[in-house]
$ cat data03.cif   # mmCIF, N, CA, C and O atoms
data_data
#
loop_
_atom_site.group_PDB
_atom_site.id
_atom_site.type_symbol
_atom_site.label_atom_id
_atom_site.label_comp_id
_atom_site.auth_asym_id
_atom_site.auth_seq_id
_atom_site.Cartn_x
_atom_site.Cartn_y
_atom_site.Cartn_z
ATOM 1 N N MET A 1 70.307 104.861 63.987
ATOM 2 C CA MET A 1 70.780 103.693 64.692
ATOM 3 C C MET A 1 69.788 103.402 65.819
ATOM 4 O O MET A 1 69.507 104.261 66.636
ATOM 5 N N PRO A 2 69.293 102.188 65.923
ATOM 6 C CA PRO A 2 68.323 101.860 66.960
ATOM 7 C C PRO A 2 68.969 101.864 68.343
ATOM 8 O O PRO A 2 70.134 101.547 68.509
ATOM 9 N N ALA A 3 68.191 102.222 69.336
ATOM 10 C CA ALA A 3 68.690 102.303 70.712
ATOM 11 C C ALA A 3 69.010 100.925 71.279
ATOM 12 O O ALA A 3 69.819 100.800 72.185
ATOM 13 N N ASP A 4 68.382 99.877 70.759
ATOM 14 C CA ASP A 4 68.620 98.532 71.279
ATOM 15 C C ASP A 4 69.999 97.987 70.933
ATOM 16 O O ASP A 4 70.462 97.044 71.551
ATOM 17 N N SER A 5 70.682 98.567 69.960
ATOM 18 C CA SER A 5 71.979 98.034 69.568
ATOM 19 C C SER A 5 73.037 98.256 70.651
ATOM 20 O O SER A 5 74.004 97.543 70.731
ATOM 21 N N PHE A 6 72.872 99.265 71.512
ATOM 22 C CA PHE A 6 73.839 99.517 72.565
ATOM 23 C C PHE A 6 73.592 98.664 73.799
ATOM 24 O O PHE A 6 74.485 98.445 74.589
ATOM 25 N N SER A 7 72.396 98.191 73.998
ATOM 26 C CA SER A 7 72.080 97.418 75.199
ATOM 27 C C SER A 7 71.865 95.948 74.877
ATOM 28 O O SER A 7 70.982 95.317 75.416
ATOM 29 N N SER A 8 72.713 95.393 74.029
ATOM 30 C CA SER A 8 72.548 94.001 73.656
ATOM 31 C C SER A 8 73.030 93.043 74.745
ATOM 32 O O SER A 8 72.575 91.919 74.822
ATOM 33 N N SER A 9 73.961 93.485 75.593
ATOM 34 C CA SER A 9 74.440 92.614 76.659
ATOM 35 C C SER A 9 73.834 93.059 77.987
ATOM 36 O O SER A 9 73.531 94.228 78.186
ATOM 37 N N PRO A 10 73.691 92.124 78.910
ATOM 38 C CA PRO A 10 73.123 92.495 80.211
ATOM 39 C C PRO A 10 74.109 93.368 80.989
ATOM 40 O O PRO A 10 75.318 93.266 80.815
ATOM 41 N N PRO A 11 73.611 94.236 81.859
ATOM 42 C CA PRO A 11 74.515 95.098 82.638
ATOM 43 C C PRO A 11 75.362 94.269 83.592
ATOM 44 O O PRO A 11 74.924 93.261 84.129
ATOM 45 N N THR A 12 76.578 94.715 83.799
ATOM 46 C CA THR A 12 77.498 94.026 84.688
ATOM 47 C C THR A 12 77.572 94.771 86.018
ATOM 48 O O THR A 12 77.165 95.927 86.116
ATOM 49 N N PRO A 13 78.113 94.140 87.043
ATOM 50 C CA PRO A 13 78.253 94.835 88.337
ATOM 51 C C PRO A 13 79.176 96.042 88.266
ATOM 52 O O PRO A 13 79.088 96.944 89.069
ATOM 53 N N TRP A 14 80.087 96.067 87.283
ATOM 54 C CA TRP A 14 81.020 97.192 87.160
ATOM 55 C C TRP A 14 80.303 98.498 86.869
ATOM 56 O O TRP A 14 80.818 99.567 87.175
ATOM 57 N N VAL A 15 79.129 98.420 86.306
ATOM 58 C CA VAL A 15 78.372 99.624 85.997
ATOM 59 C C VAL A 15 78.038 100.382 87.277
ATOM 60 O O VAL A 15 77.996 101.611 87.299
ATOM 61 N N ALA A 16 77.846 99.693 88.372
ATOM 62 C CA ALA A 16 77.545 100.322 89.653
ATOM 63 C C ALA A 16 78.802 100.577 90.481
ATOM 64 O O ALA A 16 78.857 101.524 91.254
ATOM 65 N N ILE A 17 79.833 99.761 90.324
ATOM 66 C CA ILE A 17 81.023 99.853 91.166
ATOM 67 C C ILE A 17 81.956 100.972 90.722
ATOM 68 O O ILE A 17 82.503 101.692 91.562
ATOM 69 N N VAL A 18 82.144 101.163 89.443
ATOM 70 C CA VAL A 18 83.096 102.153 88.941
ATOM 71 C C VAL A 18 82.739 103.573 89.382
ATOM 72 O O VAL A 18 83.624 104.306 89.844
ATOM 73 N N PRO A 19 81.490 104.023 89.307
ATOM 74 C CA PRO A 19 81.195 105.376 89.809
ATOM 75 C C PRO A 19 81.457 105.525 91.310
ATOM 76 O O PRO A 19 81.898 106.580 91.763
ATOM 77 N N LEU A 20 81.230 104.477 92.076
ATOM 78 C CA LEU A 20 81.512 104.541 93.511
ATOM 79 C C LEU A 20 83.006 104.692 93.775
ATOM 80 O O LEU A 20 83.412 105.445 94.662
ATOM 81 N N ILE A 21 83.815 103.993 93.011
ATOM 82 C CA ILE A 21 85.267 104.104 93.159
ATOM 83 C C ILE A 21 85.732 105.505 92.779
ATOM 84 O O ILE A 21 86.657 106.047 93.375
ATOM 85 N N ALA A 22 85.085 106.114 91.816
ATOM 86 C CA ALA A 22 85.462 107.451 91.388
ATOM 87 C C ALA A 22 85.022 108.517 92.386
ATOM 88 O O ALA A 22 85.702 109.526 92.570
ATOM 89 N N ILE A 23 83.910 108.322 93.062
ATOM 90 C CA ILE A 23 83.358 109.331 93.960
ATOM 91 C C ILE A 23 83.901 109.198 95.379
ATOM 92 O O ILE A 23 84.031 110.193 96.096
ATOM 93 N N LEU A 24 84.251 108.010 95.800
ATOM 94 C CA LEU A 24 84.664 107.760 97.178
ATOM 95 C C LEU A 24 85.832 108.634 97.647
ATOM 96 O O LEU A 24 85.744 109.218 98.736
ATOM 97 N N PRO A 25 86.936 108.776 96.908
ATOM 98 C CA PRO A 25 88.025 109.639 97.400
ATOM 99 C C PRO A 25 87.596 111.092 97.586
ATOM 100 O O PRO A 25 88.018 111.743 98.542
ATOM 101 N N ALA A 26 86.758 111.607 96.703
ATOM 102 C CA ALA A 26 86.291 112.986 96.845
ATOM 103 C C ALA A 26 85.452 113.144 98.103
ATOM 104 O O ALA A 26 85.601 114.127 98.842
ATOM 105 N N VAL A 27 84.595 112.193 98.385
ATOM 106 C CA VAL A 27 83.762 112.258 99.588
ATOM 107 C C VAL A 27 84.632 112.179 100.837
ATOM 108 O O VAL A 27 84.408 112.916 101.808
ATOM 109 N N LEU A 28 85.648 111.335 100.820
ATOM 110 C CA LEU A 28 86.530 111.217 101.982
ATOM 111 C C LEU A 28 87.300 112.516 102.234
ATOM 112 O O LEU A 28 87.456 112.940 103.382
ATOM 113 N N CYS A 29 87.776 113.161 101.173
ATOM 114 C CA CYS A 29 88.469 114.444 101.345
ATOM 115 C C CYS A 29 87.515 115.515 101.858
ATOM 116 O O CYS A 29 87.874 116.324 102.712
ATOM 117 N N MET A 30 86.294 115.540 101.347
ATOM 118 C CA MET A 30 85.326 116.535 101.806
ATOM 119 C C MET A 30 84.958 116.311 103.273
ATOM 120 O O MET A 30 84.794 117.277 104.024
ATOM 121 N N LEU A 31 84.846 115.073 103.685
ATOM 122 C CA LEU A 31 84.587 114.783 105.100
ATOM 123 C C LEU A 31 85.762 115.216 105.975
ATOM 124 O O LEU A 31 85.572 115.736 107.074
ATOM 125 N N ASP A 32 86.970 115.029 105.480
ATOM 126 C CA ASP A 32 88.156 115.461 106.213
ATOM 127 C C ASP A 32 88.162 116.980 106.368
ATOM 128 O O ASP A 32 88.474 117.496 107.438
ATOM 129 N N ILE A 33 87.797 117.699 105.328
ATOM 130 C CA ILE A 33 87.732 119.167 105.401
ATOM 131 C C ILE A 33 86.650 119.593 106.389
ATOM 132 O O ILE A 33 86.833 120.533 107.157
ATOM 133 N N ALA A 34 85.518 118.912 106.384
ATOM 134 C CA ALA A 34 84.426 119.272 107.291
ATOM 135 C C ALA A 34 84.794 119.015 108.755
ATOM 136 O O ALA A 34 84.410 119.782 109.629
ATOM 137 N N ARG A 35 85.537 117.954 109.020
ATOM 138 C CA ARG A 35 85.921 117.623 110.392
ATOM 139 C C ARG A 35 87.028 118.527 110.920
ATOM 140 O O ARG A 35 87.020 118.928 112.064
ATOM 141 N N HIS A 36 88.022 118.790 110.077
ATOM 142 C CA HIS A 36 89.193 119.578 110.465
ATOM 143 C C HIS A 36 89.168 120.880 109.677
ATOM 144 O O HIS A 36 89.613 120.931 108.541
ATOM 145 N N ARG A 37 88.642 121.926 110.289
ATOM 146 C CA ARG A 37 88.407 123.186 109.584
ATOM 147 C C ARG A 37 89.689 123.978 109.325
ATOM 148 O O ARG A 37 89.665 124.950 108.595
ATOM 149 N N ARG A 38 90.812 123.599 109.926
ATOM 150 C CA ARG A 38 92.060 124.331 109.704
ATOM 151 C C ARG A 38 92.745 123.788 108.454
ATOM 152 O O ARG A 38 93.089 122.615 108.393
ATOM 153 N N THR A 39 92.923 124.651 107.468
ATOM 154 C CA THR A 39 93.608 124.268 106.237
ATOM 155 C C THR A 39 94.713 125.274 105.957
ATOM 156 O O THR A 39 94.749 126.357 106.534
ATOM 157 N N ARG A 40 95.595 124.906 105.069
ATOM 158 C CA ARG A 40 96.668 125.802 104.662
ATOM 159 C C ARG A 40 96.281 126.505 103.367
ATOM 160 O O ARG A 40 95.497 125.987 102.588
ATOM 161 N N GLN A 41 96.823 127.653 103.119
ATOM 162 C CA GLN A 41 96.748 128.449 101.894
ATOM 163 C C GLN A 41 95.366 129.008 101.577
ATOM 164 O O GLN A 41 95.251 130.170 101.270
ATOM 165 N N TYR A 42 94.313 128.210 101.594
ATOM 166 C CA TYR A 42 92.978 128.677 101.227
ATOM 167 C C TYR A 42 91.988 128.326 102.331
ATOM 168 O O TYR A 42 92.200 127.395 103.091
ATOM 169 N N PRO A 43 90.863 129.041 102.372
ATOM 170 C CA PRO A 43 89.820 128.665 103.344
ATOM 171 C C PRO A 43 89.187 127.317 102.988
ATOM 172 O O PRO A 43 89.282 126.851 101.842
ATOM 173 N N PRO A 44 88.541 126.674 103.945
ATOM 174 C CA PRO A 44 87.951 125.343 103.701
ATOM 175 C C PRO A 44 86.938 125.324 102.556
ATOM 176 O O PRO A 44 86.849 124.333 101.833
ATOM 177 N N GLN A 45 86.196 126.412 102.355
ATOM 178 C CA GLN A 45 85.207 126.442 101.277
ATOM 179 C C GLN A 45 85.874 126.320 99.909
ATOM 180 O O GLN A 45 85.347 125.667 99.011
ATOM 181 N N VAL A 46 87.040 126.935 99.754
ATOM 182 C CA VAL A 46 87.770 126.838 98.480
ATOM 183 C C VAL A 46 88.255 125.413 98.273
ATOM 184 O O VAL A 46 88.162 124.868 97.169
ATOM 185 N N TRP A 47 88.769 124.787 99.329
ATOM 186 C CA TRP A 47 89.232 123.400 99.196
ATOM 187 C C TRP A 47 88.078 122.447 98.891
ATOM 188 O O TRP A 47 88.245 121.479 98.145
ATOM 189 N N LEU A 48 86.906 122.732 99.456
ATOM 190 C CA LEU A 48 85.739 121.907 99.113
ATOM 191 C C LEU A 48 85.414 122.008 97.631
ATOM 192 O O LEU A 48 85.130 121.004 96.972
ATOM 193 N N ALA A 49 85.464 123.206 97.078
ATOM 194 C CA ALA A 49 85.186 123.389 95.647
ATOM 195 C C ALA A 49 86.266 122.719 94.796
ATOM 196 O O ALA A 49 85.955 122.082 93.780
ATOM 197 N N ILE A 50 87.521 122.838 95.210
ATOM 198 C CA ILE A 50 88.609 122.202 94.452
ATOM 199 C C ILE A 50 88.443 120.690 94.459
ATOM 200 O O ILE A 50 88.610 120.029 93.425
ATOM 201 N N CYS A 51 88.106 120.117 95.601
ATOM 202 C CA CYS A 51 87.908 118.665 95.686
ATOM 203 C C CYS A 51 86.681 118.220 94.908
ATOM 204 O O CYS A 51 86.667 117.141 94.314
ATOM 205 N N ALA A 52 85.646 119.036 94.885
ATOM 206 C CA ALA A 52 84.417 118.654 94.191
ATOM 207 C C ALA A 52 84.574 118.725 92.680
ATOM 208 O O ALA A 52 84.061 117.870 91.954
ATOM 209 N N PHE A 53 85.283 119.736 92.184
ATOM 210 C CA PHE A 53 85.347 119.942 90.738
ATOM 211 C C PHE A 53 86.721 119.677 90.138
ATOM 212 O O PHE A 53 86.889 119.742 88.930
ATOM 213 N N GLY A 54 87.704 119.361 90.966
ATOM 214 C CA GLY A 54 89.060 119.187 90.460
ATOM 215 C C GLY A 54 89.454 117.764 90.147
ATOM 216 O O GLY A 54 90.607 117.506 89.830
ATOM 217 N N ASN A 55 88.502 116.845 90.248
ATOM 218 C CA ASN A 55 88.779 115.430 90.014
ATOM 219 C C ASN A 55 89.972 114.966 90.838
ATOM 220 O O ASN A 55 90.148 115.394 91.963
ATOM 221 N N ILE A 56 90.780 114.109 90.308
ATOM 222 C CA ILE A 56 91.877 113.518 91.068
ATOM 223 C C ILE A 56 92.953 114.553 91.390
ATOM 224 O O ILE A 56 93.573 114.500 92.444
ATOM 225 N N PHE A 57 93.164 115.540 90.522
ATOM 226 C CA PHE A 57 94.188 116.553 90.767
ATOM 227 C C PHE A 57 93.812 117.437 91.955
ATOM 228 O O PHE A 57 94.671 117.835 92.734
ATOM 229 N N GLY A 58 92.540 117.743 92.106
ATOM 230 C CA GLY A 58 92.082 118.522 93.247
ATOM 231 C C GLY A 58 92.251 117.770 94.552
ATOM 232 O O GLY A 58 92.625 118.350 95.575
ATOM 233 N N LEU A 59 91.996 116.473 94.525
ATOM 234 C CA LEU A 59 92.156 115.656 95.731
ATOM 235 C C LEU A 59 93.617 115.572 96.146
ATOM 236 O O LEU A 59 93.947 115.722 97.324
ATOM 237 N N ILE A 60 94.480 115.360 95.183
ATOM 238 C CA ILE A 60 95.910 115.289 95.477
ATOM 239 C C ILE A 60 96.418 116.640 95.966
ATOM 240 O O ILE A 60 97.225 116.708 96.895
ATOM 241 N N ALA A 61 95.951 117.733 95.360
ATOM 242 C CA ALA A 61 96.359 119.071 95.789
ATOM 243 C C ALA A 61 95.948 119.328 97.232
ATOM 244 O O ALA A 61 96.727 119.880 98.019
ATOM 245 N N TYR A 62 94.727 118.938 97.594
ATOM 246 C CA TYR A 62 94.299 119.130 98.987
ATOM 247 C C TYR A 62 95.168 118.309 99.934
ATOM 248 O O TYR A 62 95.627 118.813 100.960
ATOM 249 N N LEU A 63 95.382 117.043 99.614
ATOM 250 C CA LEU A 63 96.160 116.190 100.510
ATOM 251 C C LEU A 63 97.599 116.668 100.636
ATOM 252 O O LEU A 63 98.220 116.541 101.690
ATOM 253 N N ARG A 64 98.142 117.241 99.567
ATOM 254 C CA ARG A 64 99.534 117.695 99.581
ATOM 255 C C ARG A 64 99.686 119.107 100.135
ATOM 256 O O ARG A 64 100.562 119.378 100.942
ATOM 257 N N PHE A 65 98.835 120.046 99.685
ATOM 258 C CA PHE A 65 99.033 121.447 100.010
ATOM 259 C C PHE A 65 98.006 122.035 100.971
ATOM 260 O O PHE A 65 98.262 123.055 101.593
ATOM 261 N N GLY A 66 96.843 121.451 101.091
ATOM 262 C CA GLY A 66 95.790 122.066 101.881
ATOM 263 C C GLY A 66 95.591 121.507 103.260
ATOM 264 O O GLY A 66 95.116 122.202 104.154
ATOM 265 N N ARG A 67 95.930 120.272 103.443
ATOM 266 C CA ARG A 67 95.691 119.622 104.736
ATOM 267 C C ARG A 67 96.644 120.174 105.782
ATOM 268 O O ARG A 67 97.856 120.233 105.583
ATOM 269 N N SER A 68 96.095 120.567 106.899
ATOM 270 C CA SER A 68 96.896 121.175 107.963
ATOM 271 C C SER A 68 97.739 120.125 108.665
ATOM 272 O O SER A 68 97.324 118.984 108.839
ATOM 273 N N GLU A 69 98.924 120.539 109.082
ATOM 274 C CA GLU A 69 99.816 119.632 109.794
ATOM 275 C C GLU A 69 99.367 119.420 111.235
ATOM 276 O O GLU A 69 99.742 118.452 111.876
ATOM 277 N N GLU A 70 98.559 120.358 111.762
ATOM 278 C CA GLU A 70 98.101 120.297 113.144
ATOM 279 C C GLU A 70 96.881 119.413 113.262
ATOM 280 O O GLU A 70 95.762 119.855 113.122
ATOM 281 N N ARG A 71 97.045 118.169 113.528
ATOM 282 C CA ARG A 71 95.911 117.230 113.606
ATOM 283 C C ARG A 71 95.820 116.695 114.978
ATOM 284 O O ARG A 71 96.458 116.127 115.633
#
$ encode --input "data03.cif" --output "structure tokens"
Amino acid sequence: MPADSFSSSPPTPWVAIVPLIAILPAVLCMLDIARHRRTRQYPPQVWLAICAFGNIFGLIAYLRFGRSEER
């Protein structure tokens, strides 16, 4: 199958926007962990790994179970 058959239409702006929408919540959670080093249940390094590799479930887990109440 020729490679040109997949690129028959011009790229749309969504090609650049969708990855940003997917990455933005993870970056915001990681910045929150970096600013506020007090977390519940696990050390901040573990929460950083969960947010980086856990996709949306890791982000929700941090916001629900890892974020400290003392802000």
$ select_by_dssp --input "data03.cif" --residues "chain A" --states "alpha helix (DSSP H)" --output "PyMOL selection string"
chain A and resi 14-35+44-53+55-61
$ atom_distance --input "data03.cif" --atom1 "atom N of Arg35 in chain A" --atom2 "CA of Leu20 in chain A"
20.9 Å
$ closest_residue --input "data03.cif" --among "A:Trp14, A:Asn55, A:Arg38, A:Pro43" --to "Ala26 in chain A" --atoms "only N, CA, C and O atoms"
A:Asn55
$ atom_distance --input "data03.cif" --atom1 "CA of Ile23 in chain A" --atom2 "CA of Ala61 in chain A"
16.3 Å
$ atom_distance --input "data03.cif" --atom1 "atom C of Leu28 in chain A" --atom2 "CA of Thr12 in chain A"
27.3 Å
$ resolve_selection --input "data03.cif" --expression "the PyMOL selection byres ((chain A and resi 68) around 8)" --output "list of chain:residue names"
A:His36, A:Arg37, A:Arg38, A:Thr39, A:Arg40, A:Tyr62, A:Leu63, A:Arg64, A:Phe65, A:Gly66, A:Arg67, A:Glu69, A:Glu70, A:Arg71
$ closest_residue --input "data03.cif" --among "A:Ile17, A:Ala22, A:Cys29, A:Pro10" --to "Ile50 in chain A" --atoms "only C-alpha atoms"
A:Cys29
$ axis_aligned_box --input "data03.cif" --around "range 34-44 of chain A" --padding-each-side "8 Å" --output "AutoDock Vina command-line options"
--center_x 90.6 --center_y 123.9 --center_z 106.6 --size_x 28.4 --size_y 28.5 --size_z 26.8
$ closest_residue --input "data03.cif" --among "A:Ala16, A:Ile33, A:Ile21, A:Pro11" --to "Ala49 in chain A" --atoms "only C-alpha atoms"
A:Ile33
